[in-house]
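So this one's upload-v1.cif, mmCIF, N, CA and C atoms:
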```
data_query
#
loop_
_atom_site.label_atom_id
_atom_site.label_comp_id
_atom_site.auth_asym_id
_atom_site.auth_seq_id
_atom_site.Cartn_x
_atom_site.Cartn_y
_atom_site.Cartn_z
N MET A 498 19.62 -5.34 -47.86
CA MET A 498 20.71 -6.28 -48.07
C MET A 498 20.63 -7.43 -47.07
N LYS A 499 20.26 -7.14 -45.81
CA LYS A 499 20.23 -8.17 -44.78
C LYS A 499 19.21 -9.26 -45.08
N LYS A 500 18.10 -8.89 -45.74
CA LYS A 500 17.10 -9.91 -46.01
C LYS A 500 17.54 -10.86 -47.11
N TRP A 501 18.56 -10.54 -47.87
CA TRP A 501 19.10 -11.43 -48.90
C TRP A 501 20.08 -12.45 -48.33
N ILE A 502 20.62 -12.20 -47.17
CA ILE A 502 21.63 -13.09 -46.59
C ILE A 502 21.10 -14.52 -46.42
N PRO A 503 19.90 -14.72 -45.85
CA PRO A 503 19.42 -16.11 -45.74
C PRO A 503 19.30 -16.81 -47.09
N ALA A 504 18.85 -16.09 -48.10
CA ALA A 504 18.72 -16.69 -49.44
C ALA A 504 20.09 -17.06 -50.00
N ILE A 505 21.07 -16.21 -49.78
CA ILE A 505 22.42 -16.48 -50.26
C ILE A 505 23.00 -17.69 -49.53
N VAL A 506 22.83 -17.74 -48.23
CA VAL A 506 23.34 -18.86 -47.43
C VAL A 506 22.69 -20.16 -47.87
N LEU A 507 21.38 -20.16 -48.07
CA LEU A 507 20.69 -21.38 -48.52
C LEU A 507 21.17 -21.81 -49.91
N SER A 508 21.39 -20.85 -50.79
CA SER A 508 21.89 -21.18 -52.13
C SER A 508 23.27 -21.80 -52.05
N MET A 509 24.13 -21.26 -51.21
CA MET A 509 25.48 -21.80 -51.06
C MET A 509 25.44 -23.21 -50.48
N MET A 510 24.55 -23.44 -49.52
CA MET A 510 24.42 -24.77 -48.93
C MET A 510 23.93 -25.77 -49.97
N ALA A 511 23.00 -25.36 -50.79
CA ALA A 511 22.48 -26.25 -51.84
C ALA A 511 23.57 -26.59 -52.85
N LEU A 512 24.37 -25.61 -53.24
CA LEU A 512 25.46 -25.87 -54.16
C LEU A 512 26.50 -26.80 -53.54
N ALA A 513 26.80 -26.62 -52.29
CA ALA A 513 27.77 -27.48 -51.61
C ALA A 513 27.24 -28.91 -51.53
N ALA A 514 25.98 -29.07 -51.27
CA ALA A 514 25.40 -30.41 -51.19
C ALA A 514 25.46 -31.10 -52.54
N CYS A 515 25.22 -30.35 -53.61
CA CYS A 515 25.28 -30.94 -54.94
C CYS A 515 26.70 -31.36 -55.29
N SER A 516 27.67 -30.54 -54.98
CA SER A 516 29.04 -30.87 -55.36
C SER A 516 29.61 -31.99 -54.50
N SER A 517 29.23 -32.08 -53.23
CA SER A 517 29.78 -33.14 -52.39
C SER A 517 29.04 -34.45 -52.56
N GLY A 518 27.84 -34.41 -53.10
CA GLY A 518 27.07 -35.63 -53.25
C GLY A 518 27.25 -36.30 -54.59
N GLY A 519 28.12 -35.78 -55.42
CA GLY A 519 28.33 -36.33 -56.75
C GLY A 519 29.05 -37.66 -56.70
N ALA A 520 30.00 -37.80 -57.56
CA ALA A 520 30.69 -39.08 -57.73
C ALA A 520 31.60 -39.40 -56.56
N GLY A 521 32.00 -38.41 -55.79
CA GLY A 521 32.88 -38.67 -54.66
C GLY A 521 34.32 -38.90 -55.09
N ASP A 522 35.09 -39.42 -54.17
CA ASP A 522 36.51 -39.65 -54.37
C ASP A 522 36.74 -41.14 -54.61
N PRO A 523 37.25 -41.53 -55.78
CA PRO A 523 37.45 -42.95 -56.05
C PRO A 523 38.45 -43.59 -55.09
N ALA A 524 39.43 -42.83 -54.62
CA ALA A 524 40.39 -43.38 -53.65
C ALA A 524 39.68 -43.72 -52.34
N LYS A 525 38.74 -42.89 -51.93
CA LYS A 525 37.97 -43.14 -50.70
C LYS A 525 37.12 -44.40 -50.86
N THR A 526 36.56 -44.59 -52.05
CA THR A 526 35.77 -45.80 -52.32
C THR A 526 36.63 -47.05 -52.15
N VAL A 527 37.84 -47.02 -52.69
CA VAL A 527 38.74 -48.18 -52.56
C VAL A 527 39.10 -48.40 -51.10
N GLU A 528 39.38 -47.34 -50.36
CA GLU A 528 39.69 -47.48 -48.94
C GLU A 528 38.51 -48.07 -48.17
N GLN A 529 37.30 -47.62 -48.49
CA GLN A 529 36.11 -48.16 -47.83
C GLN A 529 35.93 -49.64 -48.18
N TYR A 530 36.17 -49.98 -49.44
CA TYR A 530 36.07 -51.37 -49.86
C TYR A 530 37.07 -52.24 -49.09
N LEU A 531 38.32 -51.80 -49.03
CA LEU A 531 39.35 -52.58 -48.34
C LEU A 531 39.01 -52.75 -46.86
N GLN A 532 38.51 -51.70 -46.23
CA GLN A 532 38.11 -51.80 -44.82
C GLN A 532 36.95 -52.77 -44.66
N ALA A 533 35.97 -52.71 -45.56
CA ALA A 533 34.84 -53.64 -45.50
C ALA A 533 35.31 -55.07 -45.72
N LYS A 534 36.29 -55.26 -46.60
CA LYS A 534 36.79 -56.61 -46.88
C LYS A 534 37.48 -57.20 -45.66
N VAL A 535 38.33 -56.42 -44.99
CA VAL A 535 39.01 -56.98 -43.80
C VAL A 535 38.02 -57.18 -42.65
N SER A 536 36.91 -56.45 -42.68
CA SER A 536 35.87 -56.61 -41.65
C SER A 536 34.85 -57.67 -42.02
N ALA A 537 34.97 -58.25 -43.22
CA ALA A 537 34.00 -59.23 -43.73
C ALA A 537 32.58 -58.67 -43.69
N ASP A 538 32.44 -57.39 -44.06
CA ASP A 538 31.16 -56.69 -44.04
C ASP A 538 30.50 -56.80 -45.42
N ALA A 539 29.73 -57.85 -45.62
CA ALA A 539 29.13 -58.14 -46.93
C ALA A 539 28.23 -57.01 -47.41
N GLU A 540 27.47 -56.40 -46.52
CA GLU A 540 26.56 -55.33 -46.94
C GLU A 540 27.33 -54.11 -47.44
N ALA A 541 28.40 -53.76 -46.75
CA ALA A 541 29.22 -52.63 -47.20
C ALA A 541 29.88 -52.96 -48.53
N ILE A 542 30.39 -54.18 -48.66
CA ILE A 542 31.03 -54.59 -49.91
C ILE A 542 30.02 -54.54 -51.05
N ARG A 543 28.80 -55.03 -50.81
CA ARG A 543 27.76 -55.02 -51.84
C ARG A 543 27.55 -53.62 -52.40
N GLY A 544 27.55 -52.62 -51.54
CA GLY A 544 27.34 -51.25 -51.99
C GLY A 544 28.52 -50.64 -52.70
N LEU A 545 29.70 -51.26 -52.58
CA LEU A 545 30.91 -50.71 -53.17
C LEU A 545 31.37 -51.44 -54.43
N LEU A 546 30.80 -52.62 -54.71
CA LEU A 546 31.19 -53.41 -55.88
C LEU A 546 30.54 -52.87 -57.15
N CYS A 547 31.29 -52.89 -58.24
CA CYS A 547 30.71 -52.55 -59.53
C CYS A 547 29.81 -53.71 -59.97
N SER A 548 28.91 -53.46 -60.90
CA SER A 548 27.97 -54.49 -61.33
C SER A 548 28.69 -55.70 -61.92
N GLU A 549 29.83 -55.48 -62.56
CA GLU A 549 30.62 -56.56 -63.14
C GLU A 549 31.11 -57.55 -62.07
N MET A 550 31.27 -57.09 -60.84
CA MET A 550 31.82 -57.91 -59.77
C MET A 550 30.75 -58.46 -58.80
N GLU A 551 29.49 -58.12 -59.03
CA GLU A 551 28.43 -58.53 -58.10
C GLU A 551 28.38 -60.04 -57.87
N ALA A 552 28.68 -60.82 -58.89
CA ALA A 552 28.64 -62.28 -58.75
C ALA A 552 29.73 -62.78 -57.80
N ASP A 553 30.73 -61.95 -57.53
CA ASP A 553 31.84 -62.32 -56.66
C ASP A 553 31.66 -61.83 -55.23
N LEU A 554 30.47 -61.36 -54.87
CA LEU A 554 30.22 -60.80 -53.54
C LEU A 554 30.61 -61.77 -52.43
N GLU A 555 30.19 -63.00 -52.52
CA GLU A 555 30.49 -63.95 -51.43
C GLU A 555 31.99 -64.14 -51.27
N ARG A 556 32.67 -64.34 -52.38
CA ARG A 556 34.13 -64.50 -52.32
C ARG A 556 34.80 -63.28 -51.71
N GLU A 557 34.40 -62.11 -52.15
CA GLU A 557 35.00 -60.87 -51.66
C GLU A 557 34.73 -60.66 -50.17
N SER A 558 33.54 -60.98 -49.74
CA SER A 558 33.19 -60.73 -48.33
C SER A 558 33.71 -61.81 -47.39
N MET A 559 34.02 -62.99 -47.91
CA MET A 559 34.47 -64.09 -47.05
C MET A 559 35.99 -64.29 -47.06
N THR A 560 36.71 -63.49 -47.83
CA THR A 560 38.16 -63.67 -47.97
C THR A 560 38.86 -63.76 -46.62
N PHE A 561 38.54 -62.88 -45.69
CA PHE A 561 39.22 -62.85 -44.40
C PHE A 561 38.31 -63.22 -43.24
N ALA A 562 37.11 -63.72 -43.53
CA ALA A 562 36.16 -64.09 -42.47
C ALA A 562 36.72 -65.24 -41.64
N GLY A 563 36.53 -65.15 -40.35
CA GLY A 563 36.92 -66.23 -39.45
C GLY A 563 38.37 -66.21 -39.02
N LEU A 564 39.13 -65.24 -39.45
CA LEU A 564 40.53 -65.16 -39.02
C LEU A 564 40.60 -64.55 -37.63
N VAL A 565 41.63 -64.93 -36.91
CA VAL A 565 41.82 -64.40 -35.57
C VAL A 565 42.02 -62.89 -35.61
N ASP A 566 42.84 -62.44 -36.53
CA ASP A 566 43.15 -61.01 -36.58
C ASP A 566 43.43 -60.60 -38.02
N VAL A 567 42.73 -59.57 -38.48
CA VAL A 567 42.97 -59.01 -39.81
C VAL A 567 42.96 -57.50 -39.65
N LYS A 568 43.98 -56.85 -40.19
CA LYS A 568 44.02 -55.40 -40.08
C LYS A 568 44.73 -54.79 -41.28
N LEU A 569 44.39 -53.56 -41.53
CA LEU A 569 45.06 -52.76 -42.56
C LEU A 569 46.18 -51.99 -41.88
N GLU A 570 47.34 -51.98 -42.52
CA GLU A 570 48.47 -51.21 -42.01
C GLU A 570 48.99 -50.27 -43.09
N GLY A 571 49.11 -49.00 -42.75
CA GLY A 571 49.70 -48.02 -43.64
C GLY A 571 48.94 -47.77 -44.92
N MET A 572 47.63 -47.95 -44.90
CA MET A 572 46.84 -47.77 -46.12
C MET A 572 46.81 -46.30 -46.53
N ALA A 573 47.18 -46.05 -47.79
CA ALA A 573 47.09 -44.73 -48.39
C ALA A 573 46.79 -44.95 -49.87
N CYS A 574 45.64 -44.47 -50.32
CA CYS A 574 45.22 -44.68 -51.70
C CYS A 574 45.05 -43.33 -52.40
N VAL A 575 45.46 -43.28 -53.66
CA VAL A 575 45.30 -42.08 -54.47
C VAL A 575 44.91 -42.47 -55.89
N ARG A 576 44.10 -41.64 -56.49
CA ARG A 576 43.71 -41.86 -57.88
C ARG A 576 44.89 -41.54 -58.78
N ASP A 577 45.08 -42.34 -59.78
CA ASP A 577 46.16 -42.18 -60.75
C ASP A 577 45.71 -41.19 -61.82
N GLY A 578 45.92 -39.90 -61.56
CA GLY A 578 45.51 -38.85 -62.50
C GLY A 578 44.01 -38.85 -62.71
N ASP A 579 43.59 -38.82 -63.97
CA ASP A 579 42.16 -38.85 -64.31
C ASP A 579 41.74 -40.23 -64.79
N THR A 580 42.54 -41.24 -64.47
CA THR A 580 42.25 -42.60 -64.93
C THR A 580 41.23 -43.27 -64.01
N ASN A 581 40.88 -44.48 -64.34
CA ASN A 581 40.00 -45.30 -63.50
C ASN A 581 40.83 -46.24 -62.64
N THR A 582 42.03 -45.80 -62.27
CA THR A 582 42.92 -46.60 -61.44
C THR A 582 43.21 -45.87 -60.15
N VAL A 583 43.13 -46.60 -59.05
CA VAL A 583 43.51 -46.09 -57.73
C VAL A 583 44.66 -46.95 -57.24
N ARG A 584 45.76 -46.30 -56.90
CA ARG A 584 46.95 -47.01 -56.40
C ARG A 584 47.02 -46.84 -54.89
N CYS A 585 47.27 -47.97 -54.23
CA CYS A 585 47.32 -47.96 -52.77
C CYS A 585 48.67 -48.45 -52.27
N GLN A 586 49.07 -47.89 -51.16
CA GLN A 586 50.23 -48.36 -50.43
C GLN A 586 49.73 -48.95 -49.13
N GLY A 587 50.57 -49.78 -48.52
CA GLY A 587 50.20 -50.40 -47.28
C GLY A 587 49.98 -51.89 -47.48
N LYS A 588 49.36 -52.51 -46.50
CA LYS A 588 49.13 -53.96 -46.58
C LYS A 588 48.00 -54.38 -45.67
N ILE A 589 47.49 -55.56 -45.98
CA ILE A 589 46.56 -56.25 -45.09
C ILE A 589 47.39 -57.29 -44.37
N VAL A 590 47.32 -57.30 -43.06
CA VAL A 590 48.03 -58.29 -42.26
C VAL A 590 46.98 -59.24 -41.71
N ALA A 591 47.09 -60.50 -42.09
CA ALA A 591 46.12 -61.52 -41.66
C ALA A 591 46.83 -62.58 -40.85
N THR A 592 46.19 -62.98 -39.75
CA THR A 592 46.73 -64.05 -38.92
C THR A 592 45.85 -65.27 -39.09
N TYR A 593 46.43 -66.33 -39.65
CA TYR A 593 45.76 -67.62 -39.79
C TYR A 593 46.32 -68.50 -38.68
N GLY A 594 45.55 -68.71 -37.62
CA GLY A 594 46.08 -69.46 -36.48
C GLY A 594 47.22 -68.67 -35.87
N THR A 595 48.44 -69.18 -35.98
CA THR A 595 49.60 -68.47 -35.45
C THR A 595 50.47 -67.88 -36.56
N GLU A 596 50.09 -68.10 -37.81
CA GLU A 596 50.89 -67.64 -38.94
C GLU A 596 50.37 -66.31 -39.47
N LYS A 597 51.27 -65.32 -39.56
CA LYS A 597 50.92 -64.02 -40.12
C LYS A 597 51.27 -63.99 -41.60
N THR A 598 50.35 -63.42 -42.37
CA THR A 598 50.57 -63.27 -43.80
C THR A 598 50.27 -61.83 -44.19
N ASP A 599 51.18 -61.24 -44.97
CA ASP A 599 50.99 -59.88 -45.46
C ASP A 599 50.49 -59.92 -46.90
N PHE A 600 49.48 -59.11 -47.17
CA PHE A 600 48.95 -58.96 -48.52
C PHE A 600 49.15 -57.49 -48.91
N PRO A 601 50.16 -57.22 -49.75
CA PRO A 601 50.40 -55.82 -50.14
C PRO A 601 49.20 -55.25 -50.89
N LEU A 602 48.89 -53.99 -50.61
CA LEU A 602 47.86 -53.30 -51.37
C LEU A 602 48.45 -52.92 -52.71
N VAL A 603 47.64 -52.96 -53.74
CA VAL A 603 48.12 -52.77 -55.11
C VAL A 603 47.31 -51.67 -55.80
N ALA A 604 47.13 -51.78 -57.08
CA ALA A 604 46.30 -50.85 -57.86
C ALA A 604 44.95 -51.51 -58.12
N TYR A 605 43.91 -50.70 -58.10
CA TYR A 605 42.55 -51.20 -58.26
C TYR A 605 41.83 -50.39 -59.33
N ARG A 606 40.95 -51.07 -60.04
CA ARG A 606 40.13 -50.43 -61.07
C ARG A 606 38.83 -49.95 -60.42
N VAL A 607 38.43 -48.76 -60.77
CA VAL A 607 37.16 -48.21 -60.31
C VAL A 607 36.36 -47.75 -61.53
N VAL A 608 35.05 -47.77 -61.39
CA VAL A 608 34.17 -47.28 -62.45
C VAL A 608 33.07 -46.46 -61.81
N GLN A 609 32.47 -45.59 -62.59
CA GLN A 609 31.33 -44.83 -62.11
C GLN A 609 30.06 -45.53 -62.56
N GLU A 610 29.19 -45.81 -61.59
CA GLU A 610 27.88 -46.39 -61.86
C GLU A 610 26.86 -45.64 -61.02
N ASP A 611 25.80 -45.24 -61.64
CA ASP A 611 24.74 -44.50 -60.95
C ASP A 611 25.30 -43.29 -60.19
N GLY A 612 26.29 -42.62 -60.78
CA GLY A 612 26.84 -41.41 -60.18
C GLY A 612 27.78 -41.64 -59.02
N GLU A 613 28.19 -42.88 -58.77
CA GLU A 613 29.09 -43.18 -57.66
C GLU A 613 30.25 -44.02 -58.15
N TRP A 614 31.40 -43.89 -57.49
CA TRP A 614 32.53 -44.74 -57.79
C TRP A 614 32.32 -46.11 -57.17
N LYS A 615 32.68 -47.14 -57.92
CA LYS A 615 32.56 -48.52 -57.46
C LYS A 615 33.90 -49.24 -57.68
N TRP A 616 34.24 -50.11 -56.75
CA TRP A 616 35.43 -50.93 -56.84
C TRP A 616 35.17 -52.04 -57.85
N CYS A 617 36.17 -52.29 -58.75
CA CYS A 617 35.93 -53.24 -59.82
C CYS A 617 37.13 -54.16 -60.04
N GLY A 618 37.85 -54.48 -58.98
CA GLY A 618 38.93 -55.46 -59.06
C GLY A 618 40.32 -54.85 -59.09
N GLU A 619 41.29 -55.76 -59.03
CA GLU A 619 42.69 -55.35 -59.09
C GLU A 619 43.08 -55.09 -60.54
N THR A 620 44.09 -54.26 -60.72
CA THR A 620 44.60 -53.95 -62.04
C THR A 620 46.13 -53.91 -61.97
N GLN A 621 46.74 -53.75 -63.11
CA GLN A 621 48.21 -53.68 -63.17
C GLN A 621 48.71 -52.29 -62.94
#
```

Before anything else, please render the file you have as structure tokens.
Amino acid sequence: MKKWIPAIVLSMMALAACSSGGAGDPAKTVEQYLQAKVSADAEAIRGLLCSEMEADLERESMTFAGLVDVKLEGMACVRDGDTNTVRCQGKIVATYGTEKTDFPLVAYRVVQEDGEWKWCGETQ
């Protein structure tokens, strides 16, 4: 029996790797996208955008670039049932010079491409 333990452990590890490496959590994808956007991280945004939005990479990555201070406050995102919608609470707080502007987080559309969730814009 003892000689089967390593085989069982390896099998369990392989199954865990397969299940965690799948499509992932669409809410986590949206959170990563929002963090990359406030950080003006074009490479991270590129990896999170759906193919439909690829032409908008520059706009998405430059939205908050050059601001004195941009931060996410109270971000909490959850998938809306089994839909392709992720609803978020919280806001982006951006400081333009001395003026603060709040951008409430809303609902976002996600799609699966190449086995991963991708951010695909705002939705109603």

Nearby residues (all atoms listed in the file) at most 8 Å from Gly587 (chain A), same-chain spacing under 2 positions excluded, as a PyMOL selection string
chain A and resi 569-574+584-585+589-590+600-603

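Listed by chain and then by number, the residues chosen by the PyMOL selection byres ((chain A and resi 559-568) around 6.5) in this file are Lys534, Val535, Ala537, Leu554, Glu555, Arg556, Glu557, Ser558, Leu569, Glu570, Lys588, Ile589, Val590, Ala591, Thr592, Tyr593 and Gly594 of chain A.
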
Expressed in Å to a single decimal, how great is the separation between atom N of Glu549 (chain A) and atom C of Trp614 (chain A)?
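Taking atom N of Glu549 (chain A) as the start and atom C of Trp614 (chain A) as the end point, the length is 11.1 Å.
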
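For the atom pair formed by CA of Val575 (chain A) and atom N of Lys525 (chain A), the distance is 7.1 Å, given to one decimal.
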
Just list as number ranges by chain whatever in region 538-604 of chain A DSSP marks as helix (DSSP H, G or I).
A: 539-545, 548-559

What's around Gln621 (chain A) at 7 Å? Count only N, CA and C atoms, leave out sequence neighbours fewer than 2 positions away in its own chain, and write the answer as a PDB file with N, CA and C atoms, in the frame of the given file.
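result.pdb, freshly written:
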```pdb
ATOM      1  N   ALA A 604      47.130 -51.780 -57.080  1.00  0.00           N
ATOM      2  CA  ALA A 604      46.300 -50.850 -57.860  1.00  0.00           C
ATOM      3  C   ALA A 604      44.950 -51.510 -58.120  1.00  0.00           C
ATOM      4  N   TYR A 605      43.910 -50.700 -58.100  1.00  0.00           N
ATOM      5  CA  TYR A 605      42.550 -51.200 -58.260  1.00  0.00           C
ATOM      6  C   TYR A 605      41.830 -50.390 -59.330  1.00  0.00           C
ATOM      7  N   GLU A 619      41.290 -55.760 -59.030  1.00  0.00           N
ATOM      8  CA  GLU A 619      42.690 -55.350 -59.090  1.00  0.00           C
ATOM      9  C   GLU A 619      43.080 -55.090 -60.540  1.00  0.00           C
TER      10      GLU A 619
END
```

Determine, counting all atoms listed in the file, which protein, DNA and RNA residues have an atom within 8 Å of an atom of Tyr530 (chain A); residues of the same chain fewer than 4 positions away are not included. Present the result as a list in words.
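The residues that qualify are Ala524, Lys525, Thr526, Lys534, Val535, Ser536, Ala541, Ile542, Leu545, Leu546 and Trp616 of chain A.
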
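In terms of minimum interatomic distance to Glu613 (chain A), A:Gly544 ranks closest within A:Asp579, A:Glu551, A:Gly544, A:Ala539, counting only C-alpha atoms.
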
One residue among A:Gln586, A:Lys615, A:Asp577, A:Gln609 is nearest to Arg543 (chain A) when using only C-alpha atoms, and that residue is A:Lys615

One decimal, Å: what's the distance from atom C of Val583 (chain A) over to atom N of Gln529 (chain A), could you say?
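Taking atom C of Val583 (chain A) as the start and atom N of Gln529 (chain A) as the end point, the length is 11.5 Å.
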
Residues within 7 Å of (32.1, -54.7, -64.6), file coords, all atoms listed in the file, listed as a compact mmCIF listing (two decimals) with N, CA and C atoms, in the frame of the given file:
```
# COMPACT_ATOMS: atom_id res chain seq x y z
N CYS A 547 31.29 -52.89 -58.24
CA CYS A 547 30.71 -52.55 -59.53
C CYS A 547 29.81 -53.71 -59.97
N SER A 548 28.91 -53.46 -60.90
CA SER A 548 27.97 -54.49 -61.33
C SER A 548 28.69 -55.70 -61.92
N GLU A 549 29.83 -55.48 -62.56
CA GLU A 549 30.62 -56.56 -63.14
C GLU A 549 31.11 -57.55 -62.07
N MET A 550 31.27 -57.09 -60.84
CA MET A 550 31.82 -57.91 -59.77
C MET A 550 30.75 -58.46 -58.80
N CYS A 617 36.17 -52.29 -58.75
CA CYS A 617 35.93 -53.24 -59.82
C CYS A 617 37.13 -54.16 -60.04
```

Just list as a PyMOL selection string whatever in region 499-617 of chain A DSSP marks as strand (DSSP E or B).
chain A and resi 546+566-576+582-593+596-601+604-610+613-617

Smallest atom-to-atom distance to Val608 (chain A): which of A:Pro523, A:Asp553, A:Glu540, A:Glu596, using only N, CA and C atoms?
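Result for the nearest residue to Val608 (chain A): A:Pro523.
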